[in-house]
file input-v2.txt (compact mmCIF, C-alpha atoms and all ligand atoms)
# COMPACT_ATOMS: atom_id res chain seq x y z
CA MET A 1293 53.59 222.62 9.00
CA THR A 1294 55.77 221.62 11.90
CA ALA A 1295 54.38 221.83 15.38
CA ALA A 1296 56.09 224.36 17.64
CA LEU A 1297 58.31 222.74 20.23
CA SER A 1298 56.35 222.67 23.46
CA PRO A 1299 58.14 223.76 26.65
CA ALA A 1300 58.83 221.18 29.32
CA GLY A 1301 55.60 220.27 31.11
CA THR A 1302 54.77 222.27 34.19
CA ASP A 1303 55.21 219.15 36.29
CA SER A 1304 58.74 218.38 35.05
CA PHE A 1305 61.67 218.19 37.45
CA GLU A 1306 65.29 217.13 37.37
CA THR A 1307 67.75 216.10 40.06
CA ALA A 1308 70.74 217.98 41.44
CA GLU A 1309 73.81 216.19 42.78
CA ILE A 1310 75.10 217.35 46.16
CA ALA A 1311 77.81 215.44 48.04
CA GLY A 1312 77.19 212.38 45.86
CA LEU A 1313 73.43 212.27 46.51
CA ARG A 1314 70.69 213.32 44.09
CA PHE A 1315 67.81 215.58 45.09
CA PRO A 1316 64.72 216.44 42.99
CA ARG A 1317 64.79 220.06 41.83
CA ARG A 1318 62.28 222.08 39.82
CA ARG A 1319 64.14 224.92 38.06
CA LEU A 1320 62.58 228.26 38.97
CA ILE A 1321 65.45 230.80 38.94
CA SER A 1322 65.94 233.07 35.96
CA GLY A 1323 69.67 233.10 35.11
CA VAL A 1324 72.51 233.79 37.54
CA PRO A 1325 72.00 236.79 39.85
CA ALA A 1326 74.90 239.26 39.63
CA LEU A 1327 77.65 239.79 42.17
CA GLU A 1328 78.59 243.47 42.05
CA ARG A 1329 80.63 246.05 43.99
CA LEU A 1330 78.72 248.88 45.61
CA GLY A 1331 80.93 251.61 44.14
CA ASN A 1332 79.69 254.68 46.01
CA ILE A 1333 79.43 253.16 49.46
CA SER A 1334 82.76 251.35 49.04
CA SER A 1335 84.43 254.66 48.09
CA ARG A 1336 83.60 256.27 51.42
CA PRO A 1337 86.66 256.79 53.65
CA ASP A 1338 87.51 254.14 56.22
CA THR A 1339 85.37 251.35 54.86
CA ALA A 1340 86.11 248.01 53.24
CA ASP A 1341 84.60 247.26 49.84
CA ILE A 1342 81.09 245.84 49.90
CA TYR A 1343 80.04 243.39 47.19
CA VAL A 1344 76.39 242.50 46.88
CA LYS A 1345 75.05 239.19 45.60
CA ARG A 1346 71.76 240.13 43.96
CA ASP A 1347 69.55 237.29 45.15
CA ASP A 1348 66.77 239.87 45.24
CA MET A 1349 66.85 239.26 41.47
CA THR A 1350 66.15 235.53 41.31
CA GLY A 1351 63.13 236.26 39.14
CA LEU A 1352 60.06 234.21 39.95
CA GLY A 1353 57.21 236.15 41.56
CA LEU A 1354 59.46 239.17 42.34
CA GLY A 1355 62.29 236.93 43.50
CA GLY A 1356 64.40 236.77 46.65
CA ASN A 1357 66.17 233.96 48.51
CA LYS A 1358 63.03 231.82 48.70
CA VAL A 1359 63.16 230.96 45.00
CA ARG A 1360 66.31 228.89 45.59
CA LYS A 1361 64.60 227.06 48.46
CA LEU A 1362 61.42 226.47 46.50
CA GLU A 1363 63.36 224.78 43.70
CA PHE A 1364 63.98 221.88 46.06
CA TYR A 1365 60.60 221.81 47.83
CA THR A 1366 58.72 222.00 44.54
CA GLY A 1367 60.96 219.36 42.96
CA HIS A 1368 60.38 217.08 45.94
CA ALA A 1369 56.61 217.66 45.83
CA LEU A 1370 56.53 216.81 42.11
CA SER A 1371 58.68 213.71 42.64
CA LEU A 1372 56.11 212.49 45.21
CA GLY A 1373 53.18 213.18 42.89
CA CYS A 1374 51.74 215.92 45.14
CA ASP A 1375 49.23 218.41 43.77
CA THR A 1376 49.24 221.23 46.37
CA LEU A 1377 51.90 223.17 48.32
CA ILE A 1378 51.02 224.28 51.88
CA ILE A 1379 53.10 226.81 53.83
CA THR A 1380 52.89 229.21 56.79
CA GLY A 1381 54.49 232.62 57.40
CA ALA A 1382 53.98 236.12 58.77
CA VAL A 1383 51.36 238.27 57.01
CA GLN A 1384 54.04 239.95 54.86
CA SER A 1385 56.02 236.72 54.37
CA ASN A 1386 58.09 236.54 51.21
CA TYR A 1387 58.29 232.80 51.61
CA VAL A 1388 54.56 232.25 51.20
CA ARG A 1389 54.44 234.69 48.27
CA VAL A 1390 57.19 232.84 46.39
CA THR A 1391 55.61 229.48 47.30
CA ALA A 1392 52.35 230.65 45.72
CA ALA A 1393 54.27 231.68 42.58
CA ALA A 1394 56.30 228.43 42.50
CA ALA A 1395 53.11 226.39 42.79
CA ARG A 1396 51.67 228.16 39.76
CA ALA A 1397 54.87 227.71 37.74
CA ALA A 1398 54.84 223.99 38.50
CA GLY A 1399 51.12 223.54 37.84
CA LEU A 1400 50.24 222.99 41.52
CA ASP A 1401 47.64 224.47 43.85
CA CYS A 1402 48.69 226.44 46.95
CA HIS A 1403 47.31 227.00 50.48
CA ILE A 1404 49.01 229.54 52.69
CA GLN A 1405 48.58 230.36 56.35
CA LEU A 1406 49.25 233.97 57.40
CA GLU A 1407 50.45 234.48 60.98
CA ASP A 1408 49.69 237.69 62.85
CA ARG A 1409 53.24 238.41 64.15
CA VAL A 1410 53.69 242.18 64.00
CA ALA A 1411 51.51 244.25 66.33
CA GLY A 1412 50.17 247.70 65.57
CA MET A 1413 50.34 247.64 61.75
CA ASP A 1414 47.89 249.44 59.44
CA ASP A 1415 45.56 248.13 56.72
CA GLY A 1416 48.28 248.47 54.07
CA TYR A 1417 50.29 245.86 55.97
CA ARG A 1418 47.35 243.45 56.02
CA THR A 1419 46.29 243.76 52.39
CA GLY A 1420 49.15 245.29 50.37
CA GLY A 1421 52.64 244.18 49.33
CA ASN A 1422 53.08 240.42 49.55
CA VAL A 1423 49.43 239.80 50.49
CA LEU A 1424 48.25 241.38 47.24
CA LEU A 1425 50.64 239.10 45.33
CA ASP A 1426 49.52 236.00 47.28
CA ARG A 1427 45.98 236.74 46.14
CA MET A 1428 47.06 237.46 42.57
CA PHE A 1429 48.72 234.02 42.44
CA GLY A 1430 45.36 232.59 43.45
CA ALA A 1431 46.50 230.99 46.70
CA THR A 1432 43.90 229.99 49.28
CA LEU A 1433 44.52 232.04 52.45
CA HIS A 1434 44.15 230.83 56.05
CA TYR A 1435 44.86 232.93 59.15
CA LEU A 1436 46.65 232.16 62.44
CA PRO A 1437 46.03 234.43 65.46
CA ALA A 1438 48.82 236.40 67.18
CA GLU A 1439 48.93 234.23 70.30
CA ALA A 1440 49.68 230.98 68.40
CA SER A 1441 53.24 229.62 68.76
CA GLU A 1442 55.58 228.45 65.99
CA ALA A 1443 54.67 224.86 66.88
CA ASP A 1444 50.94 225.74 66.67
CA ALA A 1445 51.55 227.10 63.17
CA ASP A 1446 52.88 223.71 62.02
CA VAL A 1447 50.04 221.83 63.76
CA GLN A 1448 47.56 224.01 61.88
CA LEU A 1449 49.36 223.33 58.59
CA ASP A 1450 48.96 219.62 59.17
CA ALA A 1451 45.26 220.16 59.88
CA ILE A 1452 44.87 222.00 56.55
CA ALA A 1453 46.69 219.11 54.85
CA ASP A 1454 44.39 216.55 56.52
CA GLY A 1455 41.35 218.47 55.27
CA LEU A 1456 42.70 218.43 51.72
CA ARG A 1457 43.49 214.70 51.92
CA ALA A 1458 39.90 214.07 53.01
CA GLU A 1459 38.88 215.77 49.74
CA GLY A 1460 41.13 213.43 47.76
CA ARG A 1461 44.02 215.87 47.27
CA ASN A 1462 47.71 215.06 47.77
CA PRO A 1463 49.28 218.03 49.61
CA TYR A 1464 52.97 218.73 50.30
CA VAL A 1465 53.58 220.60 53.59
CA ILE A 1466 56.53 222.98 54.02
CA HIS A 1467 56.82 223.15 57.81
CA LEU A 1468 58.26 226.08 59.74
CA GLY A 1469 59.94 224.38 62.71
CA ALA A 1470 63.72 223.88 62.83
CA SER A 1471 63.29 220.17 63.60
CA PHE A 1472 61.90 219.42 60.10
CA GLU A 1473 64.09 218.41 57.17
CA PRO A 1474 65.68 221.65 55.83
CA ARG A 1475 65.38 220.67 52.16
CA GLY A 1476 65.16 224.29 51.01
CA ALA A 1477 68.69 224.91 52.31
CA LEU A 1478 70.00 222.71 49.47
CA GLY A 1479 69.40 225.74 47.24
CA TYR A 1480 71.95 227.71 49.22
CA ILE A 1481 74.49 224.90 49.09
CA LEU A 1482 74.38 225.36 45.31
CA ALA A 1483 74.34 229.16 45.66
CA ALA A 1484 77.60 228.99 47.64
CA ARG A 1485 79.30 227.26 44.70
CA GLU A 1486 77.90 229.85 42.29
CA ILE A 1487 79.13 232.74 44.47
CA LEU A 1488 82.61 231.26 44.98
CA GLY A 1489 82.88 231.14 41.17
CA GLN A 1490 81.81 234.78 40.88
CA ILE A 1491 84.31 235.88 43.56
CA ALA A 1492 87.07 234.12 41.62
CA ASP A 1493 85.96 235.68 38.31
CA LEU A 1494 86.02 239.17 39.86
CA ASN A 1495 89.32 238.46 41.60
CA ALA A 1496 87.71 240.01 44.69
CA LYS A 1497 89.42 239.73 48.07
CA VAL A 1498 86.41 238.80 50.20
CA ALA A 1499 87.01 238.41 53.96
CA ARG A 1500 83.50 237.63 55.20
CA VAL A 1501 79.88 237.14 54.23
CA VAL A 1502 76.92 238.88 55.86
CA LEU A 1503 73.33 237.68 55.47
CA ALA A 1504 69.94 237.78 57.20
CA SER A 1505 69.26 234.82 59.50
CA GLY A 1506 65.58 233.99 60.06
CA SER A 1507 64.34 230.41 59.71
CA GLY A 1508 68.04 229.72 59.23
CA GLN A 1509 67.91 227.73 56.00
CA THR A 1510 69.71 230.39 53.95
CA HIS A 1511 72.39 230.83 56.61
CA SER A 1512 72.82 227.09 57.21
CA GLY A 1513 72.75 226.22 53.52
CA PHE A 1514 75.28 228.88 52.59
CA LEU A 1515 77.64 227.97 55.43
CA THR A 1516 77.38 224.26 54.69
CA GLY A 1517 77.90 224.94 50.99
CA LEU A 1518 81.03 227.02 51.56
CA ARG A 1519 82.57 224.25 53.65
CA LEU A 1520 81.48 221.56 51.19
CA TRP A 1521 83.08 223.42 48.29
CA GLY A 1522 86.31 223.93 50.27
CA SER A 1523 85.99 227.55 51.44
CA ASP A 1524 86.60 228.65 55.02
CA LEU A 1525 85.06 232.13 54.55
CA PRO A 1526 83.39 233.30 57.77
CA VAL A 1527 79.65 233.98 57.62
CA THR A 1528 77.82 236.34 59.99
CA GLY A 1529 74.08 235.82 60.31
CA VAL A 1530 72.18 238.96 61.28
CA CYS A 1531 69.22 238.07 63.51
CA VAL A 1532 65.87 239.30 62.19
CA ARG A 1533 63.52 237.51 64.55
CA ARG A 1534 65.22 235.96 67.59
CA ASP A 1535 68.04 236.96 69.89
CA ALA A 1536 71.56 235.69 69.25
CA VAL A 1537 71.40 232.82 71.78
CA GLN A 1538 68.18 231.42 70.31
CA GLN A 1539 69.37 231.94 66.75
CA ASN A 1540 72.69 230.24 67.39
CA ALA A 1541 70.82 227.20 68.73
CA ARG A 1542 68.54 227.25 65.69
CA ILE A 1543 71.42 227.42 63.18
CA THR A 1544 73.19 224.61 65.02
CA GLN A 1545 70.06 222.47 64.74
CA VAL A 1546 69.40 223.30 61.07
CA CYS A 1547 73.07 222.72 60.10
CA GLY A 1548 72.93 219.37 61.89
CA ASN A 1549 69.76 218.33 60.05
CA LEU A 1550 71.15 219.56 56.74
CA GLY A 1551 74.45 217.76 57.27
CA ARG A 1552 72.50 214.52 57.85
CA LEU A 1553 70.32 215.16 54.76
CA ILE A 1554 73.41 215.32 52.52
CA GLY A 1555 75.30 212.63 54.42
CA ARG A 1556 78.00 215.07 55.60
CA PRO A 1557 77.37 215.90 59.29
CA ASP A 1558 81.05 216.80 59.68
CA LEU A 1559 81.12 220.01 57.63
CA VAL A 1560 80.03 222.75 60.07
CA GLY A 1561 81.41 223.06 63.59
CA PRO A 1562 80.32 225.31 66.48
CA ASP A 1563 82.99 227.92 65.67
CA ASP A 1564 81.58 228.33 62.16
CA ILE A 1565 78.26 229.57 63.52
CA VAL A 1566 78.35 233.32 64.07
CA VAL A 1567 75.22 235.39 64.68
CA THR A 1568 74.62 238.93 65.86
CA ASP A 1569 71.45 240.51 67.20
CA ASP A 1570 72.93 244.02 67.23
CA TYR A 1571 70.61 245.05 64.38
CA LEU A 1572 67.41 243.31 65.49
CA GLY A 1573 65.99 246.59 66.81
CA PRO A 1574 62.59 246.40 68.52
CA GLY A 1575 61.95 242.89 67.10
CA TYR A 1576 60.57 241.05 64.07
CA GLY A 1577 59.12 243.38 61.45
CA LYS A 1578 60.07 246.50 63.42
CA ASN A 1579 62.94 248.89 62.68
CA SER A 1580 65.45 251.00 64.61
CA PRO A 1581 66.90 254.34 63.38
CA GLU A 1582 70.04 252.42 62.36
CA THR A 1583 68.17 249.95 60.13
CA TRP A 1584 66.10 252.74 58.53
CA ASP A 1585 69.40 254.52 57.90
CA ALA A 1586 70.78 251.40 56.16
CA LEU A 1587 67.66 251.17 53.98
CA LEU A 1588 67.89 254.85 52.96
CA THR A 1589 71.69 254.74 52.50
CA ALA A 1590 71.36 251.88 50.00
CA ALA A 1591 68.55 253.67 48.14
CA ARG A 1592 70.14 257.12 48.11
CA MET A 1593 73.79 256.19 47.50
CA GLU A 1594 73.37 253.19 45.20
CA GLY A 1595 69.79 253.14 43.90
CA LEU A 1596 69.63 249.77 45.66
CA LEU A 1597 66.33 248.78 47.28
CA LEU A 1598 66.25 246.90 50.58
CA ASP A 1599 63.18 245.71 52.48
CA PRO A 1600 62.17 246.83 56.00
CA VAL A 1601 61.90 243.37 57.62
CA TYR A 1602 65.09 241.50 56.66
CA THR A 1603 67.61 243.26 54.47
CA SER A 1604 67.54 246.67 56.19
CA LYS A 1605 68.81 244.79 59.24
CA SER A 1606 71.36 242.60 57.50
CA PHE A 1607 72.66 245.54 55.47
CA ALA A 1608 73.03 247.63 58.65
CA GLY A 1609 75.27 244.79 59.83
CA ALA A 1610 77.22 244.76 56.56
CA LEU A 1611 77.82 248.52 56.72
CA ALA A 1612 79.00 248.30 60.33
CA MET A 1613 81.31 245.34 59.64
CA ALA A 1614 82.81 247.04 56.58
CA ALA A 1615 83.56 250.11 58.71
CA ASP A 1616 84.87 248.22 61.76
CA PRO A 1617 88.53 249.26 62.28
CA ALA A 1618 89.27 245.84 63.80
CA THR A 1619 88.39 243.95 60.61
CA ARG A 1620 88.12 246.31 57.64
CA ASP A 1621 91.70 245.78 56.40
CA ALA A 1622 91.17 242.02 56.11
CA GLY A 1623 89.19 242.41 52.88
CA ALA A 1624 85.77 243.03 51.42
CA VAL A 1625 82.36 242.22 52.86
CA LEU A 1626 80.15 240.09 50.65
CA TYR A 1627 76.56 240.99 51.36
CA LEU A 1628 73.88 238.49 50.36
CA HIS A 1629 70.80 240.47 49.32
CA THR A 1630 67.92 238.12 50.07
CA GLY A 1631 65.14 240.26 48.55
CA GLY A 1632 61.79 240.92 50.24
CA LEU A 1633 61.04 244.02 48.19
CA PRO A 1634 57.23 243.69 47.91
CA ALA A 1635 57.01 244.45 51.65
CA LEU A 1636 58.18 248.01 50.89
CA PHE A 1637 54.64 248.71 49.71
CA ALA A 1638 53.17 247.41 52.97
CA TYR A 1639 55.36 249.75 55.06
CA GLU A 1640 54.57 252.98 53.22
CA ALA A 1641 53.68 255.01 56.33
CA ALA A 1642 56.68 253.80 58.33
CA ILE A 1643 59.10 254.48 55.45
CA GLY A 1644 57.57 257.93 54.97
CA GLN A 1645 58.21 258.67 58.64
CA ALA A 1646 61.78 257.37 58.41
CA MET A 1647 62.45 259.67 55.44
CA ALA A 1648 60.95 262.65 57.26
CA ASP A 1649 63.14 261.91 60.30
CA ALA A 1650 66.25 261.54 58.12
CA ASP A 1651 65.56 264.77 56.28
CA ALA A 1652 64.91 266.64 59.54
CA ALA A 1653 68.20 265.38 60.98
CA ASP A 1654 70.13 266.31 57.82
CA PRO A 1655 68.26 269.11 55.99
CA LYS A 1656 69.14 269.73 52.34
CA PRO A 1657 70.77 273.12 51.65
CA ALA A 1658 68.14 275.73 50.56
C1 LIG B 1701 63.80 238.77 52.28
C2 LIG B 1701 64.23 237.73 53.24
N1 LIG B 1701 65.51 237.72 53.64
C3 LIG B 1701 65.95 236.80 54.52
C4 LIG B 1701 65.12 235.86 55.06
C5 LIG B 1701 65.67 234.88 56.02
O1 LIG B 1701 65.91 233.68 55.36
P1 LIG B 1701 65.84 232.31 56.17
O2 LIG B 1701 64.42 232.16 56.60
O3 LIG B 1701 66.27 231.29 55.21
O4 LIG B 1701 66.73 232.46 57.34
C6 LIG B 1701 63.77 235.83 54.68
C7 LIG B 1701 62.86 234.84 55.28
O5 LIG B 1701 61.70 234.95 55.32
C8 LIG B 1701 63.31 236.77 53.73
O6 LIG B 1701 62.04 236.78 53.31

call {"tool": "encode", "arguments": {"input": "input-v2.txt", "output": "structure tokens", "more": "lines below"}}
Ligand SMILES: Cc1ncc(COP(=O)(O)O)c(C=O)c1O
result
Amino acid sequence: MTAALSPAGTDSFETAEIAGLRFPRRRLISGVPALERLGNISSRPDTADIYVKRDDMTGLGLGGNKVRKLEFYTGHALSLGCDTLIITGAVQSNYVRVTAAAARAAGLDCHIQLEDRVAGMDDGYRTGGNVLLDRMFGATLHYLPAEASEADADVQLDAIADGLRAEGRNPYVIHLGASFEPRGALGYILAAREILGQIADLNAKVARVVLASGSGQTHSGFLTGLRLWGSDLPVTGVCVRRDAVQQNARITQVCGNLGRLIGRPDLVGPDDIVVTDDYLGPGYGKNSPETWDALLTAARMEGLLLDPVYTSKSFAGALAMAADPATRDAGAVLYLHTGGLPALFAYEAAIGQAMADADAADPKPA
């Protein structure tokens, strides 16, 4: 009897070449997420085509943009012989949920710190959606109070790491602050190459890219990747957490750090960095009528799910840019869907209210 071939060990990693350098990478993505045209929305009068890159479908642990980032953090952790991933994020963070899943896939332990960033939410927000999944992945949860700053969050992460070291563990910390090495953004440098290939295969005339801009690694990685692979496509980052001035400074800093990490600080200039806070609404984790409308438009016209925290805002931006008379004739909008769908189940009451408001404003014929 021959022994069945065993899969690669959970701790295996490879390296990816970017700009002539090699970076450890632990494969986590299932296949190549589709790039597809939103047929019904694009057929409305006076709008450019919208193509959506389905990075909500990256697979691991219900997917999203964080899987691409975690490929490089997990690979790095494995290459250093670490045994535990540590990360911080808002209570309904997708990042911590995917980190918990990535740790399990790679045979590592995971500690996550949940930050109280959205006031006035119900119990479903605190225990459902991503939090349920964090617990299912068996992560150890820590909590950070509402008044703590972003810098405090990183200080606390380091304290958790020190505690684990004292117990003989070897933790790998994924910090939040923009001054830390943006290794996760390497995933979006590779994604940019993948998407340029898909645009060429579809023969699509894309004029601009729209994506959610939070920590800034997706935005910075994608922009850097486009320039590295020879594309001058403009990218608009839709602010989900900070105003446009703060976010512009953050993207500038992250692009600078990323350029140094890959030895190409020349790729992204100030004119490449475009952000808008027109769709930020009342702030992080809170929606405006326009962003609820974007979420329901995607669901009701395309059967496409968006999340309340990130993609309802970025898609509101994509819809507005596709309809803008000043730019719509230039070509299609490529919308990067970054996922976040488990949070839908933590916003049940708010989504119910948004649907009731939409139905009251536009009643169905009897
Ligand atoms: C669903 C989703 N979209 C977009 C973002 C923003 O990505 P980044 O933090 O890389 O800017 C996040 C970050 O948490 C996210 O969870």

call {"tool": "closest_atom_pairs", "arguments": {"input": "input-v2.txt", "of": "chain A", "to": "ligand LIG 1701 (chain B)", "cutoff": "8 Å", "atoms": "all atoms listed in the file", "output": "CSV"}}
result
residue,atom,partner,partner_atom,distance
A:Asp1348,CA,B:LIG1701,C1,7.7
A:Gly1356,CA,B:LIG1701,C1,6.0
A:Asn1357,CA,B:LIG1701,C2,6.4
A:Lys1358,CA,B:LIG1701,O6,6.8
A:Gly1381,CA,B:LIG1701,O5,7.9
A:Ser1385,CA,B:LIG1701,O5,6.0
A:Asn1386,CA,B:LIG1701,O6,4.5
A:Tyr1387,CA,B:LIG1701,O5,5.5
A:Ala1477,CA,B:LIG1701,O3,7.4
A:Leu1503,CA,B:LIG1701,C3,7.5
A:Ala1504,CA,B:LIG1701,C3,4.9
A:Ser1505,CA,B:LIG1701,O4,4.1
A:Gly1506,CA,B:LIG1701,O4,3.3
A:Ser1507,CA,B:LIG1701,O2,3.6
A:Gly1508,CA,B:LIG1701,O4,3.6
A:Gln1509,CA,B:LIG1701,O3,4.0
A:Thr1510,CA,B:LIG1701,O3,3.8
A:His1511,CA,B:LIG1701,O4,5.9
A:Val1532,CA,B:LIG1701,C5,7.6
A:Asp1599,CA,B:LIG1701,C1,7.0
A:Val1601,CA,B:LIG1701,C1,7.3
A:Tyr1602,CA,B:LIG1701,N1,4.9
A:Thr1603,CA,B:LIG1701,N1,6.0
A:His1629,CA,B:LIG1701,N1,7.4
A:Thr1630,CA,B:LIG1701,N1,4.3
A:Gly1631,CA,B:LIG1701,C1,4.2
A:Gly1632,CA,B:LIG1701,C1,3.6
A:Leu1633,CA,B:LIG1701,C1,7.2

call {"tool": "closest_residue", "arguments": {"input": "input-v2.txt", "among": "A:Asp1570, A:Asp1621, A:Glu1309, A:Asp1651", "to": "Lys1497 (chain A)", "atoms": "all atoms listed in the file"}}
result
A:Asp1621

call {"tool": "closest_residue", "arguments": {"input": "input-v2.txt", "among": "A:Ala1541, A:Leu1456, A:Ala1369, A:Ala1483", "to": "Gly1399 (chain A)", "atoms": "only C-alpha atoms"}}
result
A:Ala1369

call {"tool": "closest_residue", "arguments": {"input": "input-v2.txt", "among": "A:Val1383, A:Ala1394, A:Ala1641, A:Ile1310", "to": "Gly1421 (chain A)", "atoms": "all atoms listed in the file"}}
result
A:Val1383

call {"tool": "closest_residue", "arguments": {"input": "input-v2.txt", "among": "A:Arg1485, A:Lys1345, A:Arg1314, A:Lys1656", "to": "Arg1329 (chain A)", "atoms": "all atoms listed in the file"}}
result
A:Lys1345

call {"tool": "atom_distance", "arguments": {"input": "input-v2.txt", "atom1": "CA of Asp1426 (chain A)", "atom2": "CA of Arg1389 (chain A)"}}
result
5.2 Å

call {"tool": "closest_residue", "arguments": {"input": "input-v2.txt", "among": "A:Leu1525, A:Ala1536, A:Pro1634, A:Leu1488", "to": "Gly1353 (chain A)", "atoms": "only C-alpha atoms"}}
result
A:Pro1634

call {"tool": "atom_distance", "arguments": {"input": "input-v2.txt", "atom1": "CA of Asp1654 (chain A)", "atom2": "CA of Asp1585 (chain A)"}}
result
11.8 Å

call {"tool": "closest_atom_pairs", "arguments": {"input": "input-v2.txt", "of": "region 1337-1358 of chain A", "to": "region 1608-1619 of chain A", "cutoff": "10 Å", "atoms": "only C-alpha atoms", "output": "tab-separated table"}}
result
residue	atom	partner	partner_atom	distance
A:Pro1337	CA	A:Ala1615	CA	8.9
A:Asp1338	CA	A:Ala1615	CA	6.2
A:Thr1339	CA	A:Ala1615	CA	4.4
A:Ala1340	CA	A:Ala1614	CA	4.8
A:Asp1341	CA	A:Ala1614	CA	7.0
A:Ile1342	CA	A:Ala1614	CA	7.0
A:Tyr1343	CA	A:Ala1610	CA	9.9
A:Val1344	CA	A:Ala1610	CA	10.0

call {"tool": "closest_residue", "arguments": {"input": "input-v2.txt", "among": "A:Pro1437, A:Gly1312, A:Gly1416, A:Pro1325", "to": "Ala1382 (chain A)", "atoms": "all atoms listed in the file"}}
result
A:Pro1437

call {"tool": "atom_distance", "arguments": {"input": "input-v2.txt", "atom1": "CA of Gly1513 (chain A)", "atom2": "CA of Gly1551 (chain A)"}}
result
9.4 Å
